[in-house]
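Everything below concerns the one structure shown next.
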Amino acid sequence: MYNLHLHTNKSDGNLSPIELINLAKDIELRGISITDHDTIDAYMEAIPYSKEKDIELILGLELSTDINNPKLESEYIEKYGTNLPEIHLLIYNFDIYSKKLHMILKDIMEKRNKRGLKIIKKLINDGFNIFEDTDYQNEKFIGRVKIANELINTGYASSIKDAFAKYLNYNRKYYVKRESLSLDKAIKLAHDIGGIAVFAHPGEIISNKLRKLVLNTNIDGIECFHPRNSAILTKELIKEAKNRNLIITGGSDFHGTEKSEYKLLKKYTIPSLPNKLNRIE
Ligand SMILES: [Zn+2]
Ligand SMILES: [Zn+2]
């Protein structure tokens, strides 16, 4: 069994790459992909350790992308009352040494952290007692989930969902927009570095029209199995993938922040690796 969507503490997960591989071994997964947001740092430790533990490792990464389509955006705002959501893209099997990739990831990470610091500053200016004992300015990854966790720890929110709904979502006071790669650019990047581009958790997108638009790009695969995809949608996505000759992937999007996630680790998996995906040798 393969779980191809897992996060470590190199982005916004709770477990180190070593702990995650130990967990995968304990629950008898055959292989995993670590798909941290905007970083491949986990692989420094994960590659040698996965060999030691005899866990197949598939190189992965998750990028947040934007759709630049003003017409669709205004339609979307009218219909759903919100801006177009980010589209998450999973990239697998790419050249880990690509200079281009490293440059782009560095740039994305800087933008993410700048945005994170802006949000924290806004909150602190408004009197939130957060990050009092931490040197947050020098953290390597300051994403919104990290800020949400701090809001939970300091009693301002009851869950990640609550923190986003109260403070961090696009229509909330502490939302700060982040510049992302466009979806097309991100897919092109995936191909330029020899990788496979997969549409992550399509179930997070409420608009069918938007989902179709993503499927009509030159994407290579669909994450059909994911906790956010309903049973009906999963069936539809599998059909779409077959019709369009796209690969089918699956993963539980484990972050290790909530207990319930552990039960999903073997539920959202695929039995064998699809054609174009290979383990790191
Ligand atoms: Zn995602
Ligand atoms: Zn994810």
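Residue numbers start at 1 in each chain; chains themselves are named A, B, ... in the order of the structure tokens; ligands are numbered from 1 in the order shown.
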
Near-ligand residues for ligand 2, threshold 12 Å, only C-alpha atoms and all ligand atoms, as a PyMOL selection string: chain A and resi 3-8+11-13+33-39+60-64+87-91+145+198-202+204+223+226-228+250-256

Could you turn the residues from that selection into a file that holds C-alpha atoms, as a PDB file, in the first residue's frame?
```pdb
ATOM      1  CA  ASN A   3       0.222   6.729   0.806  1.00  0.00           C
ATOM      2  CA  LEU A   4       1.431   9.466  -1.527  1.00  0.00           C
ATOM      3  CA  HIS A   5       0.508  12.601   0.400  1.00  0.00           C
ATOM      4  CA  LEU A   6       2.192  13.180   3.769  1.00  0.00           C
ATOM      5  CA  HIS A   7       3.684  16.219   5.486  1.00  0.00           C
ATOM      6  CA  THR A   8       6.560  16.504   7.949  1.00  0.00           C
ATOM      7  CA  SER A  11       6.591  22.279   6.341  1.00  0.00           C
ATOM      8  CA  ASP A  12       3.498  22.276   8.555  1.00  0.00           C
ATOM      9  CA  GLY A  13       3.426  18.699   9.835  1.00  0.00           C
ATOM     10  CA  SER A  33       5.710  10.196  -0.627  1.00  0.00           C
ATOM     11  CA  ILE A  34       6.565  13.180   1.556  1.00  0.00           C
ATOM     12  CA  THR A  35       4.815  16.101  -0.096  1.00  0.00           C
ATOM     13  CA  ASP A  36       5.726  19.055   2.079  1.00  0.00           C
ATOM     14  CA  HIS A  37       4.520  22.488   1.025  1.00  0.00           C
ATOM     15  CA  ASP A  38       7.133  24.350  -1.003  1.00  0.00           C
ATOM     16  CA  THR A  39      10.086  22.382   0.320  1.00  0.00           C
ATOM     17  CA  GLY A  60       7.145  14.533  -3.913  1.00  0.00           C
ATOM     18  CA  LEU A  61       6.263  18.155  -3.258  1.00  0.00           C
ATOM     19  CA  GLU A  62       3.053  20.188  -2.885  1.00  0.00           C
ATOM     20  CA  LEU A  63       2.707  23.652  -4.402  1.00  0.00           C
ATOM     21  CA  SER A  64      -0.114  26.176  -3.975  1.00  0.00           C
ATOM     22  CA  ILE A  87      -5.308  25.023  -6.505  1.00  0.00           C
ATOM     23  CA  HIS A  88      -2.871  22.615  -4.910  1.00  0.00           C
ATOM     24  CA  LEU A  89      -0.552  20.727  -7.168  1.00  0.00           C
ATOM     25  CA  LEU A  90       1.419  17.642  -6.220  1.00  0.00           C
ATOM     26  CA  ILE A  91       4.636  17.101  -8.134  1.00  0.00           C
ATOM     27  CA  VAL A 145      -1.321  26.370   9.966  1.00  0.00           C
ATOM     28  CA  VAL A 198      -1.136  15.821 -10.053  1.00  0.00           C
ATOM     29  CA  PHE A 199      -4.294  17.742  -9.147  1.00  0.00           C
ATOM     30  CA  ALA A 200      -4.380  17.510  -5.331  1.00  0.00           C
ATOM     31  CA  HIS A 201      -7.625  16.924  -3.373  1.00  0.00           C
ATOM     32  CA  PRO A 202     -10.112  18.049  -6.062  1.00  0.00           C
ATOM     33  CA  GLU A 204     -11.676  20.897  -1.794  1.00  0.00           C
ATOM     34  CA  GLU A 223      -5.506  12.562  -6.533  1.00  0.00           C
ATOM     35  CA  HIS A 226      -8.144  11.830  -0.343  1.00  0.00           C
ATOM     36  CA  PRO A 227     -10.170  12.512   2.834  1.00  0.00           C
ATOM     37  CA  ARG A 228     -11.652  15.643   1.260  1.00  0.00           C
ATOM     38  CA  GLY A 250      -4.089   8.778  -3.377  1.00  0.00           C
ATOM     39  CA  GLY A 251      -2.903   9.912   0.017  1.00  0.00           C
ATOM     40  CA  SER A 252      -4.261  10.969   3.373  1.00  0.00           C
ATOM     41  CA  ASP A 253      -2.620  14.433   3.580  1.00  0.00           C
ATOM     42  CA  PHE A 254      -1.260  13.516   7.000  1.00  0.00           C
ATOM     43  CA  HIS A 255       0.016  16.405   9.116  1.00  0.00           C
ATOM     44  CA  GLY A 256      -0.014  14.601  12.450  1.00  0.00           C
TER      45      GLY A 256
END
```

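DSSP, applied to the backbone of this structure, assigns strand (DSSP E or B) to the following residues of segment 27-174 of chain A: Gly31, Ile32, Ser33, Ile34, His37, Glu56, Leu57, Gly60, Leu61, Glu62, Leu63, Ser64, Thr65, Asp66, Ile87, His88, Leu89, Leu90, Ile91 and Tyr92 of chain A.
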
Output C-alpha atoms for every residue in that selection, as a PDB file, in the first residue's frame.
```
ATOM      1  CA  GLY A  31       5.782   3.146   0.295  1.00  0.00           C
ATOM      2  CA  ILE A  32       5.179   6.822   0.939  1.00  0.00           C
ATOM      3  CA  SER A  33       5.710  10.196  -0.627  1.00  0.00           C
ATOM      4  CA  ILE A  34       6.565  13.180   1.556  1.00  0.00           C
ATOM      5  CA  HIS A  37       4.520  22.488   1.025  1.00  0.00           C
ATOM      6  CA  GLU A  56       9.829   2.798  -0.712  1.00  0.00           C
ATOM      7  CA  LEU A  57      10.098   6.562  -1.026  1.00  0.00           C
ATOM      8  CA  GLY A  60       7.145  14.533  -3.913  1.00  0.00           C
ATOM      9  CA  LEU A  61       6.263  18.155  -3.258  1.00  0.00           C
ATOM     10  CA  GLU A  62       3.053  20.188  -2.885  1.00  0.00           C
ATOM     11  CA  LEU A  63       2.707  23.652  -4.402  1.00  0.00           C
ATOM     12  CA  SER A  64      -0.114  26.176  -3.975  1.00  0.00           C
ATOM     13  CA  THR A  65      -1.047  27.797  -7.242  1.00  0.00           C
ATOM     14  CA  ASP A  66      -3.390  30.509  -8.477  1.00  0.00           C
ATOM     15  CA  ILE A  87      -5.308  25.023  -6.505  1.00  0.00           C
ATOM     16  CA  HIS A  88      -2.871  22.615  -4.910  1.00  0.00           C
ATOM     17  CA  LEU A  89      -0.552  20.727  -7.168  1.00  0.00           C
ATOM     18  CA  LEU A  90       1.419  17.642  -6.220  1.00  0.00           C
ATOM     19  CA  ILE A  91       4.636  17.101  -8.134  1.00  0.00           C
ATOM     20  CA  TYR A  92       6.226  13.665  -8.113  1.00  0.00           C
TER      21      TYR A  92
END
```

Give me the residues near segment 162-166 of chain A as a PyMOL selection string, where near means some atom within 6 Å (using only C-alpha atoms) and where sequence neighbours in that chain fewer than 4 positions away do not count. chain A and resi 148+157-158

C-alpha atoms of the current selection, written as a CSV table (one decimal), in the first residue's frame:
```
chain,number,residue,atom,x,y,z
A,148,ALA,CA,-3.4,28.7,13.7
A,157,ALA,CA,-9.2,29.4,18.7
A,158,SER,CA,-10.5,25.9,19.4
```

Would you mind writing down, as an mmCIF file with C-alpha atoms, in the first residue's frame, each residue of segment 34-157 of chain A that DSSP on the backbone assigns to helix (DSSP H, G or I)?
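Final output, saved to part_13.cif:
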```cif
data_model
loop_
_atom_site.group_PDB
_atom_site.id
_atom_site.type_symbol
_atom_site.label_atom_id
_atom_site.label_comp_id
_atom_site.auth_asym_id
_atom_site.auth_seq_id
_atom_site.Cartn_x
_atom_site.Cartn_y
_atom_site.Cartn_z
ATOM 1 C CA ALA A 42 12.741 16.321 4.303
ATOM 2 C CA TYR A 43 14.499 14.219 1.666
ATOM 3 C CA MET A 44 17.988 14.869 3.055
ATOM 4 C CA GLU A 45 17.139 12.621 6.003
ATOM 5 C CA ALA A 46 14.340 10.648 4.426
ATOM 6 C CA ILE A 47 16.278 9.128 1.501
ATOM 7 C CA PRO A 48 18.959 7.330 3.521
ATOM 8 C CA TYR A 49 16.580 6.448 6.351
ATOM 9 C CA SER A 50 13.903 4.966 4.075
ATOM 10 C CA LYS A 51 16.558 2.651 2.620
ATOM 11 C CA GLU A 52 17.599 1.582 6.074
ATOM 12 C CA LYS A 53 13.958 0.867 6.967
ATOM 13 C CA PRO A 70 -10.366 37.625 -13.972
ATOM 14 C CA LYS A 71 -13.595 36.651 -15.765
ATOM 15 C CA LEU A 72 -13.907 33.373 -13.909
ATOM 16 C CA GLU A 73 -12.905 35.125 -10.692
ATOM 17 C CA SER A 74 -15.729 37.661 -10.894
ATOM 18 C CA GLU A 75 -18.218 34.906 -11.767
ATOM 19 C CA TYR A 76 -16.975 32.944 -8.825
ATOM 20 C CA ILE A 77 -17.232 35.848 -6.405
ATOM 21 C CA GLU A 78 -20.794 36.447 -7.528
ATOM 22 C CA LYS A 79 -21.798 32.823 -7.107
ATOM 23 C CA TYR A 80 -19.889 31.814 -3.977
ATOM 24 C CA LYS A 99 18.721 24.358 -9.981
ATOM 25 C CA LYS A 100 15.544 25.845 -11.364
ATOM 26 C CA LEU A 101 13.476 24.049 -8.759
ATOM 27 C CA HIS A 102 15.718 25.124 -5.903
ATOM 28 C CA MET A 103 15.562 28.758 -6.981
ATOM 29 C CA ILE A 104 11.787 28.727 -7.281
ATOM 30 C CA LEU A 105 11.320 26.996 -3.927
ATOM 31 C CA LYS A 106 13.553 29.550 -2.236
ATOM 32 C CA ASP A 107 11.517 32.374 -3.706
ATOM 33 C CA ILE A 108 8.184 30.759 -2.740
ATOM 34 C CA MET A 109 9.384 30.114 0.803
ATOM 35 C CA GLU A 110 10.494 33.718 1.225
ATOM 36 C CA LYS A 111 7.099 34.938 0.065
ATOM 37 C CA ARG A 112 5.310 32.517 2.370
ATOM 38 C CA ASN A 113 7.342 33.581 5.384
ATOM 39 C CA LYS A 114 6.938 37.272 4.607
ATOM 40 C CA ARG A 115 3.194 36.762 4.475
ATOM 41 C CA GLY A 116 3.294 34.784 7.740
ATOM 42 C CA LEU A 117 5.222 37.541 9.517
ATOM 43 C CA LYS A 118 2.736 40.129 8.255
ATOM 44 C CA ILE A 119 -0.174 38.156 9.694
ATOM 45 C CA ILE A 120 1.587 37.707 13.037
ATOM 46 C CA LYS A 121 2.405 41.416 13.188
ATOM 47 C CA LYS A 122 -1.219 42.330 12.513
ATOM 48 C CA LEU A 123 -2.392 40.013 15.274
ATOM 49 C CA ILE A 124 0.186 41.253 17.781
ATOM 50 C CA ASN A 125 -0.628 44.886 16.955
ATOM 51 C CA TYR A 136 9.232 33.366 15.315
ATOM 52 C CA GLN A 137 11.084 35.836 13.101
ATOM 53 C CA ASN A 138 13.750 33.224 12.528
ATOM 54 C CA ARG A 144 -0.878 29.775 8.326
ATOM 55 C CA VAL A 145 -1.321 26.370 9.966
ATOM 56 C CA LYS A 146 1.557 27.197 12.302
ATOM 57 C CA ILE A 147 -0.125 30.485 13.199
ATOM 58 C CA ALA A 148 -3.436 28.670 13.672
ATOM 59 C CA ASN A 149 -1.750 26.228 16.054
ATOM 60 C CA GLU A 150 -0.331 29.128 18.050
ATOM 61 C CA LEU A 151 -3.817 30.672 18.238
ATOM 62 C CA ILE A 152 -5.096 27.362 19.610
ATOM 63 C CA ASN A 153 -2.263 27.062 22.150
#
```

Proximity to Pro85 of chain A - best of A:Leu23, A:Leu168, A:Leu210, A:Ala231, only C-alpha atoms: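 Distance minimum relative to Pro85 of chain A lands on A:Leu210.
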
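Of the listed residues A:Glu132, A:Glu19, A:Glu86, A:Glu179, the one whose atoms come nearest to ligand 1 is A:Glu86, with distances taken using only C-alpha atoms and all ligand atoms.
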
What is the atom CA of His191 of chain A to atom CA of Leu20 of chain A distance in Å? 28.0 Å

Residue nearest ligand 1 - candidates A:Ile205, A:Ile196, A:Tyr175, A:Pro271, atoms counted: only C-alpha atoms and all ligand atoms: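 Closest candidate: A:Ile205.
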
Kindly give the distance, in Å, that separates atom CA of Asn218 of chain A and atom CA of Asn83 of chain A, rounded to a single decimal.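 Atom CA of Asn83 of chain A lies 23.6 Å from atom CA of Asn218 of chain A.
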
At what distance in Å, to one decimal, does atom CA of Gly81 of chain A lie from atom CA of Asn169 of chain A? 12.8 Å

Would you please work out which residue, of A:Asp126, A:Asp26, A:Asp220, A:Asp133, is nearest to Thr249 of chain A when using only C-alpha atoms?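 Closest to Thr249 of chain A of all the choices is A:Asp220.
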
Counting only C-alpha atoms, figure out which residue out of A:Arg30, A:Asn9, A:Asn93, A:Ile18 gets nearest to Lys266 of chain A. A:Arg30

For Ala197 of chain A, the nearest of the candidates A:Asn14, A:Leu59, A:Leu277, A:Ile219, counting only C-alpha atoms: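 Closest to Ala197 of chain A of all the choices is A:Ile219.
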